[in-house]
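Engineer: A single structure is presented below for examination.
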Amino acid sequence: MNHLADYAEHLARLRDIGQCRALPELVHQGRYIEKDGRRMLNMSSNDYLGLANDPALQQEFLAKYAEKLPHFTSSSSRLLTGSFPEYQALESLLAQRFGRESALLFNSGYHANIGILPAVADKKTLILADKLVHASMIDGIRLSGADFLRYRHNDYAHLESLLNKHQANYRRIIIVTESVFSMDGDKADLAQLVAFKQRFGNILLYVDEAHAIGAYGEQGLGEAEVQGCLRDIDFLVGTFGKALASMGAYVVCDAVMKDYLVNTMRPLIFSTALPPFNIAWSLFLFEKLPHFAAKRAHLARLSEYLRAQIGTHFARPMPSQSCIVPYIIGDNQKTVETALELQRQGYYCLPIRPPTVPQGTSRIRLSLTADMTMDEVVQFMDCLKQMAVK
Ligand SMILES: *Cc1c(COP(=O)(O)O)cnc(C)c1O
C-alpha cells in the first residue's frame with residue numbers, strides 16, 4: 001500500500017482544477033514584497049492601518065521597555081504560570097475602551113473561534129450562522145456539536161424566518177456573523193441583529209470583527225462602534241494580527257461569560273499563552289488606536305476610489321463597503337493568470353479560489369492599506385485597465 005501515492009494523486013487533482021496551493025518564498029521590504037527577484041507593491045496584506053512596517057513605532061516600543069523587556073515566552077497556559085501583568089493591562093484597557101465589563105485574550109482569532117462556541121453551546125442551543133462566515137467559525141460550530149443552520153449571506157429576512165421557525169424549540173440561539181466579510185469586504189447590519197435580539201429574547205450575538213477592528217470607527221473600535229452597538233453584542237471578537245499589526249485575539253463580554261470561558265474553553269486552557277512581549281506590543285498599539293484617525297480617513301478615501309473604479313470600469317458586482325475590494329473574475333485559471341500578470345506588473349496580488357470562496361467566484365482580493373498613496377492606487381487601476389484591453 002503506497003499511502004504517499006494517494007496523497008500525491010489528490011494533489012494532482014487539485015493542480016488540474018487550478019486549486020493547488022504552495023507556500024511562497026517572500027522577502028519583505030516595507031510595503032513591498034520581493035519574490036523571484038521581482039519587487040511588488042503588497043496588495044494582499046491585512047495590515048490595513050499600515051502599522052506593520054512603521055520603524056518609528058517599533059523604536060518607540062523598544063525604547064519604552066529598554067530597561068526591562070517583557071518576557072519572550074509565557075512558558076505555560078495562563079491558568080498555570082503563564083499569566084503576566086501585560087495580559088491584565090491589555091484586558092482592562094479593552095474592557096474600558098469598549099465600555100464593557102470584561103475582555104479575555106486568546107492566542108489567535110482561530111483559537112477564539114474554535115474555542116468560544118464549543119464552550120457556550122450545548123444541545124439546547126441552535127447556532128444560526130451567515131453563509132459566508134470564516135472557516136474558523138465553521139470549525140468552532142462543528143466542534144460545538146450544537147444544531148446549526150446557515151442563513152443566506154446578509155439575508156436578514158431569511159434569518160428572521162429561521163428565528164420564527166425554531167426559536168421556541170431551543171433554550172438559546174446564537175447568531176454568528178462577521179462584521180466586515182473577509183472575501184467580499186461587505187458589512188453585516190449589526191443594528192438589525194440587535195433588533196432581533198431585543199425582539200426574540202433568547203438570542204446571543206457573536207460578531208467577529210477581525211477585518212474591522214482598528215480600521216473603522218472614530219476610536220477605531222470597528223463596526224460595532226460605527227453602528228452604535230458596542231454594548232449589545234454578547235461576544236465581540238477581534239484579532240490583533242490584521243490592522244493591529246501584532247498577533248492574538250480577544251473577546252469583549254460580560255464578566256460572568258469571561259469566568260465561564262476561563263473554566264471551559266479548551267484552546268485557552270490547554271495552550272501556552274502568547275509571549276508577554278507580544279502582548280505588550282498589542283497593548284502599545286491598541287493604546288494608540290484612537291490617534292490613527294487620519295490613517296483611517298485616508299484608507300477610506302483609497303477604498304472608495306478603488307471600489308468605484310472596479311465597479312464601473314469592469315461592470316463587476318461590487319459588494320465591498322470596506323478596504324477589501326474583490327475583483328471577481330469567476331474562472332479559476334483566468335484568475336490565476338490575472339494575478340500572475342499583475343505580479344509581473346509590480347503588484348503582489350493573489351488569486352482566491354474555492355473552497356475559500358464559492359465556486360465560480362474566483363477573484364483577486366485587493367486589500368488596501370493606509371500606507372499606500374492615492375497615486376499608487378490610481379496607477380494600479382491604470383495598469384488593470386491596460387491589462388483588460390490586451
Ligand atoms: C483572520 C481571521 C481569523 C483568524 O484570526 P487569526 O488571529 O489570524 O487566527 C478569524 N476570523 C476572521 C474573520 C478572520 O479574517
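Each chain in the C-alpha cells gets a letter, A, B and so on, in the order shown; residues start at 1 in every chain, and ligands are counted from 1 in the order they appear.
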Using only C-alpha atoms and all ligand atoms, what does the table of chain A residues within 10 Å of ligand 1 look like, with each row giving the shortest atom pair and its distance in Å to one decimal, sorted by chain and ascending number, as a tab-separated table?

Structural biologist:
residue	atom	partner	partner_atom_place_in_ligand_line	distance
A:Asn46	CA	ligand 1	1 (C)	8.5
A:Phe106	CA	ligand 1	7 (O)	8.8
A:Asn107	CA	ligand 1	7 (O)	7.4
A:Ser108	CA	ligand 1	7 (O)	3.8
A:Gly109	CA	ligand 1	5 (O)	3.3
A:Tyr110	CA	ligand 1	9 (O)	3.8
A:His111	CA	ligand 1	9 (O)	6.5
A:Ala112	CA	ligand 1	10 (C)	7.9
A:Asn113	CA	ligand 1	10 (C)	6.7
A:Ile114	CA	ligand 1	10 (C)	9.5
A:Leu132	CA	ligand 1	13 (C)	9.6
A:Val133	CA	ligand 1	13 (C)	6.9
A:His134	CA	ligand 1	13 (C)	5.0
A:Ala135	CA	ligand 1	11 (N)	7.6
A:Ser136	CA	ligand 1	10 (C)	5.9
A:Met137	CA	ligand 1	11 (N)	7.1
A:Thr177	CA	ligand 1	13 (C)	8.7
A:Glu178	CA	ligand 1	13 (C)	5.9
A:Ser179	CA	ligand 1	13 (C)	8.3
A:Val180	CA	ligand 1	13 (C)	7.8
A:Phe181	CA	ligand 1	13 (C)	6.7
A:Ser182	CA	ligand 1	15 (O)	5.3
A:Met183	CA	ligand 1	15 (O)	8.6
A:Val207	CA	ligand 1	13 (C)	9.2
A:Asp208	CA	ligand 1	13 (C)	5.8
A:Glu209	CA	ligand 1	13 (C)	6.7
A:Ala210	CA	ligand 1	12 (C)	4.9
A:His211	CA	ligand 1	15 (O)	5.9
A:Ala212	CA	ligand 1	13 (C)	9.2
A:Val237	CA	ligand 1	11 (N)	8.5
A:Gly238	CA	ligand 1	11 (N)	7.8
A:Thr239	CA	ligand 1	7 (O)	5.2
A:Phe240	CA	ligand 1	7 (O)	6.5
A:Gly241	CA	ligand 1	7 (O)	5.3
A:Lys242	CA	ligand 1	1 (C)	7.2
A:Ser246	CA	ligand 1	7 (O)	9.0
A:Met247	CA	ligand 1	7 (O)	6.1
A:Gly248	CA	ligand 1	7 (O)	5.3
A:Ala249	CA	ligand 1	7 (O)	5.9
A:Tyr250	CA	ligand 1	7 (O)	9.4

Engineer: Determine which residues of region 194-338 of chain A receive a DSSP assignment of strand (DSSP E), computed from the backbone, and state them as a list of chain:residue names.

Structural biologist: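 Here is the list: A:Ile203, A:Leu204, A:Leu205, A:Tyr206, A:Val207, A:Asp208, A:Phe235, A:Leu236, A:Val237, A:Gly238, A:Thr239, A:Ala249, A:Tyr250, A:Val251, A:Val252, A:Cys253, A:Ile324, A:Val325, A:Pro326, A:Tyr327, A:Ile328, A:Ile329, A:Gly330.
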
Engineer: CA of Cys349 (chain A) and CA of Phe380 (chain A) are how many Å apart?

Structural biologist: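 If I compute the distance from CA of Cys349 (chain A) to CA of Phe380 (chain A), I get 10.9 Å.
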
Engineer: Got a sec: who's within 8 Å of region 308-310 of chain A, counting only C-alpha atoms, leaving out chain neighbours fewer than 5 positions off, as a PyMOL selection string?

Structural biologist: chain A and resi 315-316+318+327+381

Engineer: Can you tell me which residues surround Pro70 (chain A) at a distance of at most 9 Å, considering only C-alpha atoms, apart from same-chain residues fewer than 4 positions away, and format the answer as a PyMOL selection string?

Structural biologist: chain A and resi 65+86+275-280

Engineer: What does the distance between CA of Asp259 (chain A) and CA of Leu79 (chain A) come to in Å, to one decimal place?

Structural biologist: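 So the answer is 11.9 Å.
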
Engineer: Between A:Leu306, A:Leu384, A:Ile116, A:Ile352, which one has atoms that come closest to Val336 (chain A), using only C-alpha atoms?

Structural biologist: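 The closest residue to Val336 (chain A) is A:Ile352.
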
Engineer: Which polymer residues have any atom within 9 Å of an atom of Leu149 (chain A), counting only C-alpha atoms, with same-chain residues fewer than 3 positions away left out, as a ChimeraX atom specification?

Structural biologist: /A:126-131,162

Engineer: Mind dumping the selected residues with C-alpha atoms as a compact mmCIF listing (two decimals), in the first residue's frame?

Structural biologist:
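Saved to out35.txt:
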# COMPACT_ATOMS: atom_id res chain seq x y z
CA LEU A 126 -29.16 26.47 17.99
CA ILE A 127 -26.44 28.30 16.09
CA LEU A 128 -27.52 30.41 13.12
CA ALA A 129 -24.52 31.48 11.05
CA ASP A 130 -24.16 33.67 7.99
CA LYS A 131 -23.38 31.53 4.93
CA LEU A 162 -35.37 30.74 10.72

Engineer: Quick check, in Å to one decimal: how far apart do CA of Asp122 (chain A) and CA of Pro267 (chain A) lie?

Structural biologist: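 Computing the Euclidean distance for CA of Asp122 (chain A) and CA of Pro267 (chain A) yields 17.4 Å.
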
Engineer: Give me, as number ranges by chain, all polymer residues having an atom no more than 10 Å from Val27 (chain A), counting only C-alpha atoms and skipping those fewer than 3 positions away in the same chain.

Structural biologist: A: 24, 30, 32-37, 39

Engineer: So that I can see what lies close to Val256 (chain A), please list as a list in words the residues with an atom at most 9 Å from it, counting only C-alpha atoms and leaving out residues fewer than 4 positions away in the same chain.

Structural biologist: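 Answer for this query is Ser102, Tyr260 and Leu261 of chain A.
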
Engineer: Point out the residue among A:Arg78, A:His3, A:Arg231, A:His10 with the least atom-to-atom distance to Ala191 (chain A), counting only C-alpha atoms.

Structural biologist: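 Under the stated criterion, the closest residue is A:Arg231.
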
Engineer: Nearest to Ile173 (chain A): which of A:Tyr151, A:Phe292, A:Tyr156, A:Phe200 is it, counting only C-alpha atoms?

Structural biologist: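 For Ile173 (chain A), the nearest of the given residues is A:Phe200.
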
Engineer: Under the rule that only C-alpha atoms are counted, which of A:Ala273, A:Leu350, A:Leu11, A:Ile174 is the nearest residue to Thr125 (chain A)?

Structural biologist: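 For Thr125 (chain A), the nearest of the given residues is A:Ile174.
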